[in-house]
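Colleague: Quick one: this structure, given as structure tokens, is what I'll be asking you about.
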Protein chains: 2
Amino acid sequence: MSQKPETTIHDIAKALNISASTVSRALKDNPLISEATRYKIKKAAQEMGYRPNILAANFRTRRTNTIGVIVPLINRHFFSAVISGIEDVAYQQGFAVTISQSNDDFEKESKIAQTLFTNRVDGLILSIGMNTTTYEHLKLFSERNIPLVFFDRVVDDIEAHKIVVDDFEGAYIATKHLIDQGRKRIAMIGGPLNLKIYQNRQEGYLKALNDARLPIDESAIIHNSLTREEGEKAVKKLLRNKTLPDAIFCANDTTALSAVITLRGKNIRVPEDIAIVGFSNEPFSEVVTPSITTIKQPGFEMGQKAAELIIQQVLVKEAPLTFETIKMPTELIVRESSGIKKQK
Amino acid sequence: MSQKPETTIHDIAKALNISASTVSRALKDNPLISEATRYKIKKAAQEMGYRPNILAANFRTRRTNTIGVIVPLINRHFFSAVISGIEDVAYQQGFAVTISQSNDDFEKESKIAQTLFTNRVDGLILSIGMNTTTYEHLKLFSERNIPLVFFDRVVDDIEAHKIVVDDFEGAYIATKHLIDQGRKRIAMIGGPLNLKIYQNRQEGYLKALNDARLPIDESAIIHNSLTREEGEKAVKKLLRNKTLPDAIFCANDTTALSAVITLRGKNIRVPEDIAIVGFSNEPFSEVVTPSITTIKQPGFEMGQKAAELIIQQVLVKEAPLTFETIKMPTELIVRESSGIKKQK
DNA sequence: CAGTAAAATGCAATCGATTGCATAGCTAAG
DNA sequence: CTTAGCTATGCAATCGATTGCATTTTACTG
């Protein structure tokens, strides 16, 4: 309960009979200060239990050494891997990280952006929500020159560094894998096309079909918000088509899981009757029966990269001349759900 | 690129020919200010694009309106549910939330605590790591009267509000459920006993056995860190015992999953030969085959409660006279992994 | 209308670190 | 022994909002 009064640089200055500016400089290893006094000051600071008042420093320097992160859901393995990557780099560089989740809700995303802005984060790393189609809330940042880095779900219209996985390629190899397994009627359950990543996944899918000279059946392509419920609806809809698919490429693992469970409920065998491929390598896809073939995304590395880019911008204080879009490689993980087709 | 100069309360004051203090008070709805001037001031602030400089306010008030949260892993459904609950309440009350994960690493936990302390969070909500046995890093907070709220993995020796689930009861009903299914040799895979929650779960387990007058077999009780790998080892060890268990109570779902998979690999039927019950209701336990019976913990509500308690303390600025330990109810979710025993 | 209480506003110090500029002390060249 | 030229240190303003106390204005009573 005893509130010890905090030691300030002025206390140290007084104790050593020098000026506060010298103390401040010494503690920050400013080369102007001689080795001797620096040592003296650091020792005194130590002894007096000095702790810098970050609030004062932040105020004075107009910086918070904090990076804001907005993700749709921290509860997704991919996103939490990215967050870990961000933290990894940020902590090493002395930055704190504030994480918030938008729950794919545009209102909440806006509010969070507001809050982070008001709290003066030095930079913002984000992956936009499924329903985000306007970007007013991000103008706050660009207007004030606060660096922005997008990852995964990026925005084309805003100039910023972007870190994405090669969704096109991922979808392509996933679909090609199904084709290689002898599948001919490959359906797709994709995400909303306002998000670039889902556009790219769709294009990868279409390209693979084209390259294999397989016909494209518009009725076998469904777009929704990729939840468990929507996934179930989509699968049921596909099953009502006149020609049944013999494989489904799902734009995320949640939907793939939905498909596996829904088909199981209908006694349709996976992969014998219908093969399934997902996207993202969520942990559950490994343990469900049948385990789900999927595309692995290097989340941790993406987070690291994002943190590096944003910190670089924060430190330079200048908008970079050119903005990069970094494409990270994907990897196909083959599991049970995409085995060879069998005739009944 | 244009860096508009920020409007300050002094600018507003000058524009309206009044004093900055009045402006400050008006903007904070201080009742000392008359309705008329308050309106005038707010209007001017709006028009001039005034945005409060939180850094200055924080500095002056020595508060950050930020709550720190440390969890072992954000990637666990339970923890991310808690976080969502915390955010829910905190945002409504105008607090920001800074989330960090310790990865169950004591060093990292310490460092994070340091960082949060240095960054002057107004309060700290945390669930300690598996290997945390000393609490020096938390003294920082108690010494300075910074409120602390523990949840789930709490520390007995520190006085603070604590939010836990009724682990004893949860384990009791889980074990009793197995007994009700006709199981007689119920093994347990528990967590490290330096954590109260695992003590309690063990006690619930033991009590249930006792109440049913079942013998307790020390060799059928294993403690480890509850990871996938450790779980596998533990199960294999149990299988080497002279008398095989006919059920395993696992202190978390990860271990239960491990058990299901390991047993499957050995062609031991779940639940026919060995029944499994987990703890926490992780999403995967619903989708794995067989789906896992488990204990549901009200994570979101726990988070809400934790946020309420911490904010209350932050606002009151006084250590409460008594500290509560709030026990949240658990719920048994019966799934396939704990069905009736069958003879071969 | 004086007088006093209450309401509204202003003054000015303050929080603690940072930093541009000034200056003291010292070295070494002339 | 000067003095230019460093190096090391100090001065003092500054960042913008908050707040205890003083002061002015308003409202009301007798």
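The way I read the labels, and the way they are meant: chains A, B, ... in the order of the structure tokens, residue 1 as the first residue of every chain, and ligand 1 as the first ligand shown, with later ones counted on from there.
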Using only C-alpha atoms, find each residue of chain B with at least one atom at most 6 Å away from an atom of chain A; report its shortest atom-to-atom pair and that distance in Å (one decimal), sort the rows by chain and rising residue number, and return the result as a tab-separated table.
Modeller:
residue	atom	partner	partner_atom	distance
B:Leu55	CA	A:Phe59	CA	4.9
B:Ala56	CA	A:Phe59	CA	5.5
B:Phe59	CA	A:Leu55	CA	4.9
B:Asn75	CA	A:Asn75	CA	5.6
B:Ser80	CA	A:Asn75	CA	5.9
B:Thr98	CA	A:Thr98	CA	4.6
B:Ile99	CA	A:Ile99	CA	6.0
B:Phe284	CA	A:Phe284	CA	5.4
B:Val287	CA	A:Val288	CA	5.8
B:Val288	CA	A:Val288	CA	4.3
B:Thr289	CA	A:Thr289	CA	5.6
Colleague: Keeping only C-alpha atoms, write those residues as a PDB file, in the first residue's frame.
Modeller:
ATOM      1  CA  LEU B  55      -0.679  11.246 -24.554  1.00  0.00           C
ATOM      2  CA  ALA B  56      -0.836  14.552 -22.746  1.00  0.00           C
ATOM      3  CA  PHE B  59       0.828  11.945 -18.738  1.00  0.00           C
ATOM      4  CA  ASN B  75      -4.858 -19.809 -29.694  1.00  0.00           C
ATOM      5  CA  SER B  80      -9.758 -16.388 -26.747  1.00  0.00           C
ATOM      6  CA  THR B  98      -3.334  -5.043 -24.660  1.00  0.00           C
ATOM      7  CA  ILE B  99      -3.067  -8.778 -25.075  1.00  0.00           C
ATOM      8  CA  PHE B 284     -11.947 -29.690 -32.111  1.00  0.00           C
ATOM      9  CA  VAL B 287     -15.482 -32.604 -34.658  1.00  0.00           C
ATOM     10  CA  VAL B 288     -12.981 -35.335 -34.012  1.00  0.00           C
ATOM     11  CA  THR B 289     -14.151 -38.926 -34.370  1.00  0.00           C
TER      12      THR B 289
END
Colleague: Could you list, as a ChimeraX atom specification, every residue of chain B that has an atom within 7 Å of an atom of chain C, counting only C-alpha atoms (C1' of nucleotides)?
Modeller: /B:19,22,32-34,59-60
Colleague: Take the residues from that selection and write them out as a PDB file, in the first residue's frame, keeping C-alpha atoms.
Modeller:
ATOM      1  CA  SER B  19      -9.658  29.982 -20.827  1.00  0.00           C
ATOM      2  CA  THR B  22     -12.986  25.975 -19.163  1.00  0.00           C
ATOM      3  CA  LEU B  32     -19.199  23.295 -13.192  1.00  0.00           C
ATOM      4  CA  ILE B  33     -19.519  24.548 -16.741  1.00  0.00           C
ATOM      5  CA  SER B  34     -22.795  26.085 -17.825  1.00  0.00           C
ATOM      6  CA  PHE B  59       0.828  11.945 -18.738  1.00  0.00           C
ATOM      7  CA  ARG B  60      -1.008  14.388 -16.597  1.00  0.00           C
TER       8      ARG B  60
END
Colleague: Residues of chain D within 7 Å of chain B, counting only C-alpha atoms (C1' of nucleotides), what are they? List them as an MDAnalysis selection string.
Modeller: chainID D and resid 16:18
Colleague: Please return as a list in words: the residues of region 149-300 of chain A that backbone DSSP assigns to strand (DSSP E).
Modeller: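 Put together, the selection reads Val149, Phe150, Phe151, His161, Lys162, Ile163, Val164, Val165, Ile186, Ala187, Met188, Ile189, Gly190, Ile221, Ile222, His223, Ala247, Ile248, Phe249, Cys250, Ala275, Ile276, Val277, Thr294, Ile295 and Lys296 of chain A.
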Colleague: Can you list, as a PDB file with N, CA and C atoms, in the first residue's frame, every protein, DNA or RNA residue that comes within 6 Å of region 229-244 of chain B when you count only C-alpha atoms (C1' of nucleotides), leaving out same-chain residues fewer than 2 positions away?
Modeller:
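result.pdb, freshly written:
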ATOM      1  N   LEU B 226       0.357 -31.579 -20.372  1.00  0.00           N
ATOM      2  CA  LEU B 226      -0.896 -31.607 -21.120  1.00  0.00           C
ATOM      3  C   LEU B 226      -0.801 -31.189 -22.588  1.00  0.00           C
ATOM      4  N   THR B 227       0.318 -31.463 -23.190  1.00  0.00           N
ATOM      5  CA  THR B 227       0.432 -31.204 -24.628  1.00  0.00           C
ATOM      6  C   THR B 227       0.075 -32.466 -25.400  1.00  0.00           C
ATOM      7  N   THR B 255      -5.147 -33.200 -24.323  1.00  0.00           N
ATOM      8  CA  THR B 255      -4.750 -34.530 -23.891  1.00  0.00           C
ATOM      9  C   THR B 255      -5.803 -35.568 -24.278  1.00  0.00           C
ATOM     10  N   SER B 258      -5.296 -36.342 -27.796  1.00  0.00           N
ATOM     11  CA  SER B 258      -4.136 -37.218 -27.874  1.00  0.00           C
ATOM     12  C   SER B 258      -4.531 -38.658 -27.581  1.00  0.00           C
TER      13      SER B 258
END
Colleague: Could you find all residues in region 31-129 of chain A that DSSP calls alpha helix (DSSP H) from the backbone, and write them as a ChimeraX atom specification?
Modeller: /A:35-47,54-61,77-92,106-118
Colleague: Just to be explicit: take each residue in the selection above, keep N, CA and C atoms, and write the result as a short mmCIF file (atom, residue, chain, number, x, y, z; two decimals), in the first residue's frame.
Modeller:
data_model
loop_
_atom_site.label_atom_id
_atom_site.label_comp_id
_atom_site.auth_asym_id
_atom_site.auth_seq_id
_atom_site.Cartn_x
_atom_site.Cartn_y
_atom_site.Cartn_z
N GLU A 35 31.99 8.81 -21.20
CA GLU A 35 31.90 7.48 -20.63
C GLU A 35 31.74 7.53 -19.10
N ALA A 36 32.55 8.38 -18.50
CA ALA A 36 32.61 8.45 -17.04
C ALA A 36 31.26 8.87 -16.44
N THR A 37 30.74 10.00 -16.90
CA THR A 37 29.48 10.46 -16.31
C THR A 37 28.34 9.51 -16.65
N ARG A 38 28.38 8.95 -17.82
CA ARG A 38 27.33 8.01 -18.18
C ARG A 38 27.28 6.86 -17.17
N TYR A 39 28.45 6.37 -16.87
CA TYR A 39 28.53 5.26 -15.92
C TYR A 39 27.98 5.68 -14.57
N LYS A 40 28.43 6.85 -14.13
CA LYS A 40 28.00 7.39 -12.84
C LYS A 40 26.47 7.50 -12.79
N ILE A 41 25.93 8.04 -13.86
CA ILE A 41 24.48 8.27 -13.91
C ILE A 41 23.72 6.96 -13.90
N LYS A 42 24.20 6.03 -14.71
CA LYS A 42 23.47 4.76 -14.77
C LYS A 42 23.50 4.06 -13.43
N LYS A 43 24.62 4.18 -12.78
CA LYS A 43 24.73 3.54 -11.48
C LYS A 43 23.76 4.17 -10.49
N ALA A 44 23.76 5.49 -10.48
CA ALA A 44 22.86 6.19 -9.57
C ALA A 44 21.40 5.83 -9.88
N ALA A 45 21.08 5.82 -11.16
CA ALA A 45 19.72 5.50 -11.56
C ALA A 45 19.32 4.14 -11.01
N GLN A 46 20.22 3.22 -11.19
CA GLN A 46 20.00 1.87 -10.68
C GLN A 46 19.73 1.89 -9.18
N GLU A 47 20.61 2.55 -8.47
CA GLU A 47 20.52 2.56 -7.01
C GLU A 47 19.26 3.25 -6.51
N ILE A 54 7.35 6.51 -19.02
CA ILE A 54 7.06 6.39 -20.44
C ILE A 54 6.00 7.37 -20.89
N LEU A 55 5.07 7.64 -19.99
CA LEU A 55 3.99 8.55 -20.35
C LEU A 55 4.55 9.91 -20.71
N ALA A 56 5.49 10.37 -19.92
CA ALA A 56 6.10 11.66 -20.20
C ALA A 56 6.87 11.61 -21.52
N ALA A 57 7.62 10.55 -21.67
CA ALA A 57 8.42 10.43 -22.89
C ALA A 57 7.51 10.35 -24.12
N ASN A 58 6.47 9.55 -24.02
CA ASN A 58 5.53 9.43 -25.13
C ASN A 58 4.96 10.79 -25.49
N PHE A 59 4.59 11.49 -24.46
CA PHE A 59 3.97 12.79 -24.66
C PHE A 59 4.94 13.71 -25.39
N ARG A 60 6.13 13.73 -24.88
CA ARG A 60 7.12 14.62 -25.46
C ARG A 60 7.48 14.22 -26.90
N THR A 61 7.68 12.96 -27.11
CA THR A 61 8.14 12.51 -28.43
C THR A 61 6.99 12.24 -29.39
N HIS A 77 -6.36 -20.28 -36.08
CA HIS A 77 -4.97 -20.64 -35.96
C HIS A 77 -4.09 -19.76 -36.82
N PHE A 78 -4.53 -19.52 -38.03
CA PHE A 78 -3.72 -18.69 -38.92
C PHE A 78 -3.48 -17.32 -38.31
N PHE A 79 -4.52 -16.70 -37.82
CA PHE A 79 -4.36 -15.35 -37.28
C PHE A 79 -3.52 -15.35 -36.01
N SER A 80 -3.70 -16.35 -35.18
CA SER A 80 -2.89 -16.31 -33.97
C SER A 80 -1.44 -16.61 -34.28
N ALA A 81 -1.20 -17.35 -35.33
CA ALA A 81 0.19 -17.55 -35.75
C ALA A 81 0.78 -16.22 -36.23
N VAL A 82 0.00 -15.49 -37.00
CA VAL A 82 0.48 -14.19 -37.46
C VAL A 82 0.78 -13.29 -36.27
N ILE A 83 -0.12 -13.29 -35.32
CA ILE A 83 0.07 -12.45 -34.13
C ILE A 83 1.35 -12.83 -33.41
N SER A 84 1.58 -14.12 -33.27
CA SER A 84 2.81 -14.55 -32.62
C SER A 84 4.03 -14.03 -33.37
N GLY A 85 3.96 -14.07 -34.66
CA GLY A 85 5.07 -13.56 -35.47
C GLY A 85 5.27 -12.08 -35.26
N ILE A 86 4.18 -11.35 -35.21
CA ILE A 86 4.27 -9.90 -34.98
C ILE A 86 4.90 -9.63 -33.62
N GLU A 87 4.38 -10.31 -32.62
CA GLU A 87 4.91 -10.11 -31.26
C GLU A 87 6.39 -10.42 -31.21
N ASP A 88 6.74 -11.49 -31.85
CA ASP A 88 8.14 -11.92 -31.84
C ASP A 88 9.07 -10.79 -32.24
N VAL A 89 8.78 -10.20 -33.38
CA VAL A 89 9.64 -9.12 -33.88
C VAL A 89 9.47 -7.84 -33.05
N ALA A 90 8.23 -7.51 -32.77
CA ALA A 90 7.96 -6.24 -32.10
C ALA A 90 8.63 -6.19 -30.73
N TYR A 91 8.50 -7.25 -29.97
CA TYR A 91 9.09 -7.25 -28.64
C TYR A 91 10.59 -7.06 -28.70
N GLN A 92 11.19 -7.74 -29.66
CA GLN A 92 12.64 -7.61 -29.79
C GLN A 92 13.06 -6.18 -30.08
N PHE A 106 -18.02 -4.86 -39.48
CA PHE A 106 -17.47 -3.60 -39.97
C PHE A 106 -17.54 -2.50 -38.92
N GLU A 107 -18.67 -2.45 -38.23
CA GLU A 107 -18.83 -1.44 -37.18
C GLU A 107 -17.71 -1.56 -36.15
N LYS A 108 -17.48 -2.80 -35.73
CA LYS A 108 -16.48 -2.99 -34.69
C LYS A 108 -15.09 -2.64 -35.23
N GLU A 109 -14.85 -3.02 -36.46
CA GLU A 109 -13.56 -2.71 -37.06
C GLU A 109 -13.32 -1.21 -37.07
N SER A 110 -14.34 -0.46 -37.43
CA SER A 110 -14.24 0.99 -37.46
C SER A 110 -13.93 1.54 -36.07
N LYS A 111 -14.67 1.05 -35.12
CA LYS A 111 -14.51 1.54 -33.76
C LYS A 111 -13.11 1.26 -33.25
N ILE A 112 -12.64 0.06 -33.52
CA ILE A 112 -11.30 -0.30 -33.06
C ILE A 112 -10.27 0.60 -33.72
N ALA A 113 -10.44 0.82 -35.01
CA ALA A 113 -9.49 1.67 -35.71
C ALA A 113 -9.47 3.05 -35.06
N GLN A 114 -10.64 3.56 -34.78
CA GLN A 114 -10.78 4.84 -34.07
C GLN A 114 -10.00 4.84 -32.77
N THR A 115 -10.27 3.80 -31.98
CA THR A 115 -9.64 3.72 -30.67
C THR A 115 -8.13 3.65 -30.79
N LEU A 116 -7.66 2.82 -31.68
CA LEU A 116 -6.21 2.69 -31.84
C LEU A 116 -5.62 4.02 -32.29
N PHE A 117 -6.35 4.68 -33.15
CA PHE A 117 -5.88 5.97 -33.63
C PHE A 117 -5.81 6.97 -32.49
N THR A 118 -6.89 7.04 -31.73
CA THR A 118 -6.93 7.96 -30.60
C THR A 118 -5.84 7.63 -29.59
#
